[in-house]
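Just upload.txt here, compact mmCIF, C-alpha atoms and all ligand atoms:
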# COMPACT_ATOMS: atom_id res chain seq x y z
CA MET G 1 -85.08 73.05 96.11
CA ASN G 2 -86.22 69.44 96.38
CA THR G 3 -83.04 67.47 95.74
CA ASP G 4 -84.80 64.27 94.74
CA SER G 5 -85.97 64.39 91.12
CA SER G 6 -88.29 61.34 91.58
CA HIS G 7 -91.98 62.02 91.01
CA THR G 8 -93.11 58.64 92.27
CA ASP G 9 -91.62 55.92 94.44
CA THR G 10 -91.58 53.40 91.62
CA LYS G 11 -90.51 55.14 88.43
CA PRO G 12 -86.82 55.33 87.48
CA THR G 13 -85.66 58.93 87.37
CA VAL G 14 -83.76 60.86 84.72
CA ILE G 15 -82.44 64.40 84.50
CA ILE G 16 -82.11 65.92 81.03
CA VAL G 17 -79.65 68.82 80.79
CA GLY G 18 -80.65 71.25 78.01
CA GLY G 19 -84.10 72.28 76.83
CA GLY G 20 -83.59 72.49 73.07
CA ILE G 21 -85.18 70.16 70.53
CA ILE G 22 -82.84 67.31 71.49
CA GLY G 23 -83.48 67.59 75.24
CA CYS G 24 -87.25 68.01 74.79
CA SER G 25 -87.44 65.07 72.35
CA ALA G 26 -85.45 62.87 74.73
CA ALA G 27 -87.72 63.89 77.62
CA TYR G 28 -90.81 62.98 75.58
CA GLU G 29 -89.53 59.52 74.62
CA LEU G 30 -88.22 58.80 78.13
CA GLY G 31 -91.58 59.86 79.59
CA LYS G 32 -93.31 57.42 77.26
CA ALA G 33 -90.91 54.69 78.39
CA GLY G 34 -91.97 55.19 82.01
CA PHE G 35 -89.22 57.44 83.37
CA ALA G 36 -89.92 60.34 85.72
CA CYS G 37 -88.19 63.18 83.84
CA THR G 38 -86.74 66.47 85.01
CA LEU G 39 -85.66 68.81 82.22
CA ILE G 40 -83.19 71.51 83.28
CA GLU G 41 -82.55 74.58 81.12
CA LYS G 42 -80.25 77.51 81.84
CA GLY G 43 -82.58 79.98 80.12
CA ALA G 44 -86.05 79.49 78.68
CA LEU G 45 -86.82 76.35 76.67
CA ASN G 46 -85.97 76.38 72.97
CA GLN G 47 -84.39 79.79 72.68
CA GLU G 48 -81.09 78.65 71.18
CA ALA G 49 -80.12 76.70 68.03
CA SER G 50 -83.37 74.79 67.82
CA THR G 51 -85.63 77.73 67.08
CA ALA G 52 -83.03 79.45 64.88
CA ALA G 53 -83.17 76.53 62.44
CA ALA G 54 -84.87 76.37 59.07
CA GLY G 55 -86.52 73.03 59.87
CA MET G 56 -85.37 71.06 56.82
CA LEU G 57 -85.41 67.29 57.21
CA GLY G 58 -82.60 67.02 54.71
CA ALA G 59 -81.28 63.46 54.95
CA GLN G 60 -80.39 63.57 51.25
CA SER G 61 -79.50 67.23 50.85
CA GLU G 62 -77.25 67.41 53.93
CA THR G 63 -75.12 64.29 53.58
CA HIS G 64 -72.08 64.12 51.34
CA GLN G 65 -71.17 60.45 51.57
CA PRO G 66 -72.80 57.08 52.26
CA GLY G 67 -72.30 55.46 55.67
CA PRO G 68 -73.61 55.36 59.23
CA TYR G 69 -74.39 59.08 59.45
CA TYR G 70 -76.50 58.96 56.31
CA GLU G 71 -78.30 55.89 57.68
CA LEU G 72 -79.00 57.69 60.97
CA CYS G 73 -80.42 60.66 59.06
CA ARG G 74 -82.58 58.30 56.98
CA LEU G 75 -83.85 56.52 60.09
CA SER G 76 -84.89 59.82 61.64
CA GLN G 77 -86.46 61.06 58.42
CA GLN G 78 -88.55 57.90 58.25
CA LEU G 79 -89.72 58.32 61.85
CA TYR G 80 -90.64 61.99 61.41
CA ARG G 81 -94.16 62.05 60.07
CA ALA G 82 -95.56 59.57 62.59
CA TRP G 83 -93.63 61.30 65.39
CA THR G 84 -95.04 64.76 64.64
CA ASP G 85 -98.53 63.28 64.13
CA GLU G 86 -98.30 61.77 67.61
CA LEU G 87 -96.94 64.98 69.16
CA GLU G 88 -99.74 66.94 67.53
CA GLN G 89 -102.36 64.58 68.94
CA VAL G 90 -100.90 64.80 72.44
CA SER G 91 -100.36 68.57 72.39
CA GLY G 92 -103.23 69.83 70.23
CA LEU G 93 -100.71 72.01 68.37
CA THR G 94 -99.09 71.67 64.94
CA ALA G 95 -95.42 71.30 64.02
CA GLN G 96 -96.33 72.58 60.52
CA TYR G 97 -95.00 69.55 58.68
CA VAL G 98 -94.79 70.21 54.94
CA ALA G 99 -94.45 67.14 52.70
CA GLU G 100 -92.75 68.91 49.80
CA GLY G 101 -89.20 67.97 48.81
CA ILE G 102 -86.00 69.89 48.14
CA VAL G 103 -84.78 71.05 44.75
CA ARG G 104 -80.98 71.03 45.02
CA ALA G 105 -80.06 73.39 42.21
CA ALA G 106 -76.59 73.50 40.63
CA LEU G 107 -75.51 76.99 39.59
CA THR G 108 -71.87 76.22 38.80
CA GLU G 109 -69.97 73.44 37.04
CA GLU G 110 -68.32 72.46 40.32
CA ASP G 111 -71.68 72.25 42.10
CA GLU G 112 -73.11 70.17 39.26
CA ALA G 113 -70.22 67.69 39.49
CA GLU G 114 -70.58 67.39 43.27
CA LEU G 115 -74.34 66.77 43.05
CA ARG G 116 -74.03 64.28 40.18
CA GLY G 117 -71.43 62.41 42.25
CA ARG G 118 -74.04 61.74 44.95
CA LEU G 119 -76.30 59.84 42.55
CA SER G 120 -74.23 56.67 42.90
CA TRP G 121 -75.25 56.16 46.54
CA ILE G 122 -78.07 58.51 47.50
CA ARG G 123 -81.64 57.19 47.75
CA ASP G 124 -84.86 59.05 46.88
CA ALA G 125 -83.10 61.31 44.40
CA GLU G 126 -83.32 61.97 40.69
CA TRP G 127 -81.26 64.17 38.38
CA VAL G 128 -83.37 66.89 36.78
CA GLN G 129 -82.33 68.68 33.59
CA PRO G 130 -82.54 72.52 33.54
CA ALA G 131 -85.80 72.65 31.55
CA GLU G 132 -87.44 70.10 33.86
CA MET G 133 -86.22 71.96 36.90
CA LEU G 134 -87.76 75.17 35.64
CA LYS G 135 -91.02 73.29 35.17
CA LEU G 136 -90.82 72.13 38.78
CA GLU G 137 -89.99 75.61 40.07
CA PRO G 138 -90.61 78.25 37.36
CA GLU G 139 -89.29 81.16 39.47
CA LEU G 140 -85.78 79.68 39.63
CA THR G 141 -83.05 81.56 37.83
CA PRO G 142 -82.81 80.50 34.15
CA ALA G 143 -79.06 80.10 34.82
CA VAL G 144 -79.74 76.85 36.66
CA ARG G 145 -77.72 73.88 35.32
CA GLY G 146 -80.15 71.26 36.61
CA GLY G 147 -79.73 69.42 39.88
CA LEU G 148 -81.20 66.88 42.27
CA TYR G 149 -84.85 66.55 43.12
CA LEU G 150 -85.11 65.12 46.66
CA PRO G 151 -88.80 64.36 47.27
CA ALA G 152 -88.30 62.86 50.76
CA ASP G 153 -86.55 65.94 52.23
CA HIS G 154 -89.59 67.57 53.85
CA HIS G 155 -89.63 70.31 56.49
CA VAL G 156 -91.26 71.45 59.72
CA HIS G 157 -91.41 74.84 61.40
CA PRO G 158 -88.88 74.62 64.24
CA VAL G 159 -90.63 77.22 66.38
CA TRP G 160 -93.91 75.30 66.13
CA LEU G 161 -92.18 71.95 66.60
CA ALA G 162 -90.70 73.37 69.81
CA LYS G 163 -94.11 74.56 71.03
CA THR G 164 -95.62 71.17 70.19
CA LEU G 165 -92.91 69.27 72.05
CA GLN G 166 -93.04 71.57 75.07
CA ALA G 167 -96.80 71.12 75.37
CA ALA G 168 -96.46 67.34 74.95
CA ILE G 169 -93.83 66.91 77.67
CA ALA G 170 -95.73 69.22 80.03
CA LYS G 171 -98.83 67.01 79.54
CA GLN G 172 -96.74 63.93 80.29
CA GLY G 173 -95.81 65.40 83.67
CA CYS G 174 -92.17 66.19 82.93
CA ALA G 175 -90.79 68.56 85.59
CA ILE G 176 -89.43 71.57 83.71
CA ARG G 177 -86.94 73.85 85.44
CA GLU G 178 -86.10 76.92 83.38
CA TRP G 179 -83.52 79.59 84.31
CA THR G 180 -81.56 76.93 86.22
CA PRO G 181 -78.04 76.44 84.85
CA VAL G 182 -76.39 73.10 85.51
CA ILE G 183 -72.97 73.96 86.92
CA ARG G 184 -71.49 70.44 86.89
CA LEU G 185 -72.34 66.78 86.78
CA LEU G 186 -72.20 64.96 90.13
CA THR G 187 -70.10 61.79 90.17
CA GLU G 188 -69.84 59.01 92.70
CA PRO G 189 -66.29 58.93 94.11
CA GLY G 190 -64.47 55.79 93.04
CA SER G 191 -66.84 54.43 90.38
CA GLY G 192 -67.20 57.68 88.42
CA ARG G 193 -70.93 56.93 88.13
CA ILE G 194 -73.02 60.00 87.39
CA ARG G 195 -75.49 60.55 90.21
CA GLY G 196 -77.07 63.86 89.29
CA VAL G 197 -76.28 67.51 88.66
CA GLN G 198 -75.25 70.55 90.64
CA THR G 199 -77.52 73.41 89.59
CA SER G 200 -77.56 77.10 90.48
CA GLU G 201 -80.34 76.17 92.95
CA GLY G 202 -78.61 73.18 94.55
CA PRO G 203 -77.94 69.50 93.81
CA LEU G 204 -80.44 67.25 92.10
CA TYR G 205 -80.11 63.46 91.94
CA ALA G 206 -81.44 60.86 89.51
CA ASP G 207 -80.78 57.35 88.23
CA LEU G 208 -79.64 58.69 84.84
CA VAL G 209 -78.53 62.00 83.32
CA VAL G 210 -78.87 62.91 79.63
CA LEU G 211 -76.47 65.51 78.27
CA ALA G 212 -78.30 67.58 75.64
CA ALA G 213 -76.67 70.96 76.18
CA GLY G 214 -75.91 71.68 72.52
CA ALA G 215 -72.99 74.02 71.84
CA TRP G 216 -72.38 74.38 75.61
CA SER G 217 -71.84 70.66 76.29
CA THR G 218 -68.03 70.62 76.56
CA ALA G 219 -67.96 72.66 79.77
CA LEU G 220 -69.93 69.90 81.50
CA THR G 221 -67.79 66.97 80.30
CA GLU G 222 -64.35 68.56 80.81
CA PRO G 223 -64.32 68.02 84.60
CA LEU G 224 -64.87 64.31 83.85
CA GLY G 225 -61.66 64.28 81.80
CA LEU G 226 -63.49 64.23 78.47
CA SER G 227 -62.94 67.29 76.33
CA LEU G 228 -65.71 66.90 73.74
CA PRO G 229 -64.76 68.86 70.61
CA ILE G 230 -68.10 70.68 70.42
CA PHE G 231 -68.08 74.36 69.46
CA PRO G 232 -70.62 76.98 68.34
CA VAL G 233 -71.06 77.48 64.59
CA LYS G 234 -73.06 80.63 64.08
CA GLY G 235 -75.78 80.64 61.45
CA GLN G 236 -77.67 83.76 60.38
CA CYS G 237 -81.06 83.66 58.64
CA ILE G 238 -83.62 86.05 57.26
CA SER G 239 -87.34 85.73 56.76
CA LEU G 240 -88.98 87.22 53.66
CA LYS G 241 -92.51 87.46 52.25
CA THR G 242 -93.93 87.88 48.77
CA GLU G 243 -97.48 88.72 47.75
CA ALA G 244 -98.00 85.43 45.92
CA PRO G 245 -96.16 82.17 46.65
CA LEU G 246 -92.98 81.78 44.54
CA ILE G 247 -92.07 78.14 45.21
CA ARG G 248 -93.58 74.87 46.46
CA SER G 249 -90.36 72.97 47.16
CA THR G 250 -87.48 74.10 49.28
CA VAL G 251 -84.91 75.50 46.86
CA PHE G 252 -81.32 74.91 47.87
CA THR G 253 -78.02 75.81 46.27
CA LYS G 254 -74.48 75.95 47.62
CA GLY G 255 -74.43 78.49 50.46
CA CYS G 256 -78.12 79.40 50.38
CA TYR G 257 -81.55 77.82 50.78
CA VAL G 258 -85.09 79.16 50.69
CA VAL G 259 -87.72 77.22 52.67
CA PRO G 260 -91.39 78.15 52.00
CA LYS G 261 -93.31 78.00 55.27
CA ARG G 262 -97.03 77.38 55.66
CA ASP G 263 -97.72 80.99 56.70
CA GLY G 264 -96.48 82.26 53.31
CA SER G 265 -93.07 83.38 54.55
CA TYR G 266 -89.68 82.03 53.43
CA ILE G 267 -86.80 81.18 55.72
CA VAL G 268 -83.60 82.09 53.89
CA GLY G 269 -80.43 80.63 55.34
CA ALA G 270 -77.87 80.24 56.42
CA THR G 271 -74.40 81.55 56.99
CA GLN G 272 -71.75 79.53 58.75
CA THR G 273 -69.02 81.10 60.88
CA GLU G 274 -67.03 80.15 63.94
CA SER G 275 -67.08 83.26 66.11
CA GLY G 276 -67.57 81.95 69.64
CA PHE G 277 -70.89 82.44 71.41
CA ASP G 278 -71.70 85.70 69.57
CA LYS G 279 -75.31 85.56 68.32
CA ARG G 280 -75.64 89.02 66.77
CA SER G 281 -77.07 89.44 63.29
CA THR G 282 -74.85 91.61 61.11
CA ALA G 283 -75.99 93.84 58.24
CA LYS G 284 -73.20 92.87 55.81
CA VAL G 285 -73.78 89.14 56.15
CA ILE G 286 -77.54 89.48 55.95
CA GLY G 287 -77.13 91.60 52.80
CA GLU G 288 -74.90 88.93 51.23
CA LEU G 289 -77.39 86.22 52.08
CA HIS G 290 -80.19 88.18 50.46
CA THR G 291 -78.05 88.68 47.34
CA LYS G 292 -77.51 84.90 47.08
CA ALA G 293 -81.22 84.22 47.55
CA ALA G 294 -82.11 86.73 44.82
CA ALA G 295 -79.56 85.12 42.48
CA LEU G 296 -81.39 81.84 42.99
CA LEU G 297 -84.94 83.23 42.88
CA PRO G 298 -84.77 86.66 41.18
CA ARG G 299 -88.20 87.76 42.43
CA LEU G 300 -86.88 87.68 45.99
CA ALA G 301 -84.91 90.83 45.17
CA ASP G 302 -87.81 93.04 46.22
CA ALA G 303 -89.52 90.72 48.69
CA GLU G 304 -90.83 92.12 51.95
CA PHE G 305 -88.29 91.83 54.77
CA VAL G 306 -89.80 90.17 57.86
CA ALA G 307 -87.04 89.35 60.34
CA THR G 308 -83.47 88.28 60.92
CA TRP G 309 -81.93 86.08 63.61
CA ALA G 310 -78.89 83.94 64.40
CA GLY G 311 -78.27 80.72 66.27
CA LEU G 312 -75.35 78.57 67.39
CA ARG G 313 -75.15 75.09 65.88
CA PRO G 314 -73.38 72.56 68.09
CA GLY G 315 -70.54 71.79 65.70
CA THR G 316 -68.10 68.89 66.07
CA ARG G 317 -64.70 68.38 64.45
CA ASP G 318 -65.83 65.32 62.48
CA ALA G 319 -69.35 66.71 61.90
CA LEU G 320 -70.84 63.70 63.71
CA PRO G 321 -72.99 63.88 66.86
CA PHE G 322 -72.05 62.37 70.21
CA LEU G 323 -74.64 59.72 70.83
CA GLY G 324 -74.22 56.89 73.30
CA THR G 325 -72.62 56.20 76.67
CA TRP G 326 -69.05 56.28 77.96
CA ASP G 327 -67.60 53.53 80.16
CA ALA G 328 -65.78 56.01 82.42
CA ALA G 329 -69.05 57.74 83.38
CA PRO G 330 -71.84 55.17 83.73
CA GLY G 331 -75.27 56.70 84.14
CA LEU G 332 -74.60 59.46 81.62
CA ILE G 333 -76.18 59.38 78.14
CA PHE G 334 -74.74 61.69 75.48
CA ALA G 335 -77.13 63.31 72.99
CA THR G 336 -75.29 66.31 71.67
CA GLY G 337 -73.24 67.78 68.82
CA HIS G 338 -75.97 67.54 66.18
CA TYR G 339 -74.41 70.39 64.19
CA ARG G 340 -76.51 71.16 61.06
CA ASN G 341 -79.10 68.42 61.50
CA GLY G 342 -80.51 68.42 65.01
CA ILE G 343 -84.07 69.07 63.88
CA LEU G 344 -83.89 66.15 61.44
CA LEU G 345 -82.18 63.89 63.98
CA ALA G 346 -84.49 64.59 66.93
CA PRO G 347 -86.81 61.54 66.73
CA ALA G 348 -84.02 59.02 66.10
CA THR G 349 -81.90 60.57 68.85
CA ALA G 350 -84.81 60.44 71.30
CA GLN G 351 -85.56 56.84 70.40
CA ILE G 352 -81.92 55.85 70.90
CA VAL G 353 -81.68 57.71 74.23
CA ALA G 354 -84.75 55.80 75.49
CA GLU G 355 -83.26 52.52 74.29
CA LEU G 356 -79.97 53.23 76.09
CA ALA G 357 -81.82 54.24 79.25
CA GLN G 358 -83.62 50.90 79.23
CA ASP G 359 -80.49 48.89 78.35
CA ARG G 360 -82.13 47.77 75.14
CA PRO G 361 -80.40 47.21 71.78
CA THR G 362 -80.24 50.50 69.88
CA SER G 363 -81.94 51.22 66.54
CA ALA G 364 -78.58 52.24 65.05
CA ASP G 365 -74.98 51.12 65.50
CA LEU G 366 -73.56 53.86 67.73
CA THR G 367 -69.87 53.03 67.23
CA PRO G 368 -69.19 56.02 64.91
CA PHE G 369 -70.96 58.37 67.35
CA THR G 370 -69.40 57.16 70.61
CA PRO G 371 -67.96 59.85 72.92
CA ALA G 372 -64.98 57.49 73.40
CA ARG G 373 -63.75 58.41 69.91
CA VAL G 374 -62.39 61.60 71.47
CA THR G 375 -60.14 59.65 73.82
CA VAL G 376 -58.55 57.72 70.96
CA GLY G 377 -57.94 60.97 69.11
CA THR G 378 -60.07 60.35 66.01
CA ALA G 379 -62.37 63.32 66.47
CA ALA G 380 -60.02 66.06 67.52
P1 LIG G 401 -79.96 73.83 71.43
O1 LIG G 401 -81.23 74.11 70.76
O2 LIG G 401 -78.90 74.86 71.36
O3 LIG G 401 -80.31 73.48 72.92
C1 LIG G 401 -79.33 73.28 73.92
C2 LIG G 401 -79.91 73.85 75.19
O4 LIG G 401 -79.08 73.53 76.30
C3 LIG G 401 -79.99 75.38 75.14
O5 LIG G 401 -81.32 75.78 75.36
C4 LIG G 401 -79.07 75.82 76.28
O6 LIG G 401 -79.51 76.99 76.92
C5 LIG G 401 -79.11 74.61 77.19
N1 LIG G 401 -77.95 74.52 78.06
C6 LIG G 401 -76.65 74.62 77.69
N2 LIG G 401 -75.85 74.48 78.76
C7 LIG G 401 -76.66 74.32 79.84
C8 LIG G 401 -76.42 74.15 81.22
N3 LIG G 401 -75.17 74.13 81.72
N4 LIG G 401 -77.47 74.02 82.05
C9 LIG G 401 -78.75 74.02 81.56
N5 LIG G 401 -79.03 74.19 80.25
C10 LIG G 401 -78.00 74.32 79.39
N6 LIG G 401 -81.08 71.40 61.72
C11 LIG G 401 -81.88 70.68 60.90
O7 LIG G 401 -82.08 69.49 61.10
N7 LIG G 401 -82.49 71.27 59.82
C12 LIG G 401 -82.28 72.60 59.51
O8 LIG G 401 -82.85 73.10 58.55
C13 LIG G 401 -81.43 73.36 60.34
N8 LIG G 401 -81.19 74.67 60.07
C14 LIG G 401 -80.41 75.40 60.90
C15 LIG G 401 -80.22 76.76 60.65
C16 LIG G 401 -79.51 77.55 61.53
C17 LIG G 401 -79.33 79.02 61.25
C18 LIG G 401 -78.98 76.96 62.72
C19 LIG G 401 -78.25 77.81 63.73
C20 LIG G 401 -79.14 75.59 62.97
C21 LIG G 401 -79.83 74.81 62.06
N9 LIG G 401 -80.01 73.44 62.27
C22 LIG G 401 -80.83 72.71 61.46
C23 LIG G 401 -79.28 72.75 63.34
C24 LIG G 401 -80.16 72.55 64.57
O9 LIG G 401 -80.78 73.76 64.89
C25 LIG G 401 -79.32 72.05 65.74
O10 LIG G 401 -78.57 70.91 65.37
C26 LIG G 401 -80.25 71.67 66.91
O11 LIG G 401 -81.08 72.75 67.24
C27 LIG G 401 -79.46 71.25 68.13
O12 LIG G 401 -80.39 71.04 69.17
P2 LIG G 401 -79.94 71.02 70.68
O13 LIG G 401 -81.15 70.78 71.50
O14 LIG G 401 -78.80 70.08 70.82
O15 LIG G 401 -79.30 72.46 70.91
Could you express the structure from this file as structure tokens?
Ligand code: FAD
Amino acid sequence: MNTDSSHTDTKPTVIIVGGGIIGCSAAYELGKAGFACTLIEKGALNQEASTAAAGMLGAQSETHQPGPYYELCRLSQQLYRAWTDELEQVSGLTAQYVAEGIVRAALTEEDEAELRGRLSWIRDAEWVQPAEMLKLEPELTPAVRGGLYLPADHHVHPVWLAKTLQAAIAKQGCAIREWTPVIRLLTEPGSGRIRGVQTSEGPLYADLVVLAAGAWSTALTEPLGLSLPIFPVKGQCISLKTEAPLIRSTVFTKGCYVVPKRDGSYIVGATQTESGFDKRSTAKVIGELHTKAAALLPRLADAEFVATWAGLRPGTRDALPFLGTWDAAPGLIFATGHYRNGILLAPATAQIVAELAQDRPTSADLTPFTPARVTVGTAA
């Protein structure tokens, strides 16, 4: 194995650990910024959380309070359309962007109260009475109590977004090394500066390393004395089909959403359990998910079953990502722990990673996302 990850004598070099949406997005933005990138993946690219996702860009539907996390989600949502347009031009593929919003339907009194509470701070949202909601989406259960209409919460197809990104970074000349686990980060004795990575094939050196290893990130930071509280949160989904389209918007209620994809199928998701790195789909849970979907959209009761799958979200104790640098390990950029919103947060994360790599001011205040919050005990 060539131990020098430089492609040219002049370009600064960067190694990205993890070939999911976050690692691929970072590689794309760093490539644009003039870095020679090497992307290292323990398996094949985009076979973990990123292609198990539903692809919702749910800045409004996924946040429960105002603040820096909501602003980060908004920033990414606003970047999305232009970002996928650009990726599509570079790659010749489509991320299947759908500019339809989310109908956040309340089915219980408690759900209604929670959703109404968001109206005081959420942007791009309106309260819709039951009759209006049934006009928007006539196949919804008549038991709906109204809810939020979130017109800016669009979606992409994560599998196609992944293909688009992979093709774009390959065209840029990113060196992609699949089936090459990173065993540990290589530090300079004394300074603690990160100099590269030890892989299953040997060491590899670069000016910078980006940690984008999703739910597996903690194993790589622990030897540095930083125990990131990142853990796998399993999510199971099903895909269904009906003869004629049932909905235009994504329909979302507590514990269940139905996302209508361009090919006529629906992604129905998603469960949420902490059961280690187990990715099996289980009949009971899938059955329960289908029951919830049919309660929301009764005609899904006899829809055609297409597929089921599960993925591992990189969960964090405070539900915030780790984004930024850490003084004790210069040369390392953290881009991990995106939990339920890594597809949404990909363009903003990539932009911020490129800004950090170039020592430029970042597009968002990273204080709430700093890895150092672990060391002061606020995230554990
Ligand atoms: P991953 O895609 O898991 O990628 C990490 C990669 O790092 C993996 O490929 C892994 O093999 C690799 N890796 C790990 N360790 C090493 C190592 N030591 N050496 C080399 N490679 C390594 N988000 C949204 O925004 N919208 C949604 O609608 C949505 N729906 C979801 C539904 C489900 C069922 C699930 C499971 C997730 C959903 N998410 C959604 C969340 C989103 O999928 C994740 O936040 C996102 O995929 C995280 O991306 P990632 O690149 O960090 O992780």
If we count all atoms listed in the file, what is near G:Leu134 at a cut-off of 9 Å, once residues fewer than 6 positions away on the same chain are taken out, given as a PDB file with C-alpha atoms, keeping the file's coordinate frame?
ATOM      1  CA  LEU G 140     -85.780  79.680  39.630  1.00  0.00           C
ATOM      2  CA  THR G 141     -83.050  81.560  37.830  1.00  0.00           C
ATOM      3  CA  PRO G 142     -82.810  80.500  34.150  1.00  0.00           C
ATOM      4  CA  VAL G 144     -79.740  76.850  36.660  1.00  0.00           C
ATOM      5  CA  GLY G 146     -80.150  71.260  36.610  1.00  0.00           C
TER       6      GLY G 146
END
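The space separating atom CA of G:Gly117 from atom CA of G:Cys256 comes to 20.0 Å.
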Mind pulling up the distance from atom CA of G:Trp179 to atom CA of G:Leu45?
8.9 Å
Excluding stretch 263-276 of chain G and its own-chain neighbours fewer than 2 positions away, which residues fall within 9 Å of it when counting all atoms listed in the file? Please give them as a count of residues only.
34
Enter the distance from atom CA of G:Arg317 to atom CA of G:Arg340, in Å, rounded to one decimal.
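Straight-line distance from atom CA of G:Arg317 to atom CA of G:Arg340 works out to 12.6 Å.
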Which residues, protein or nucleic acid, reach to within 12 Å of (-85.5, 70.9, 32.1) in the file's coordinates when using only C-alpha atoms, and can you give that as a VMD selection string?
chain G and resid 105 127 to 138 140 142 to 149
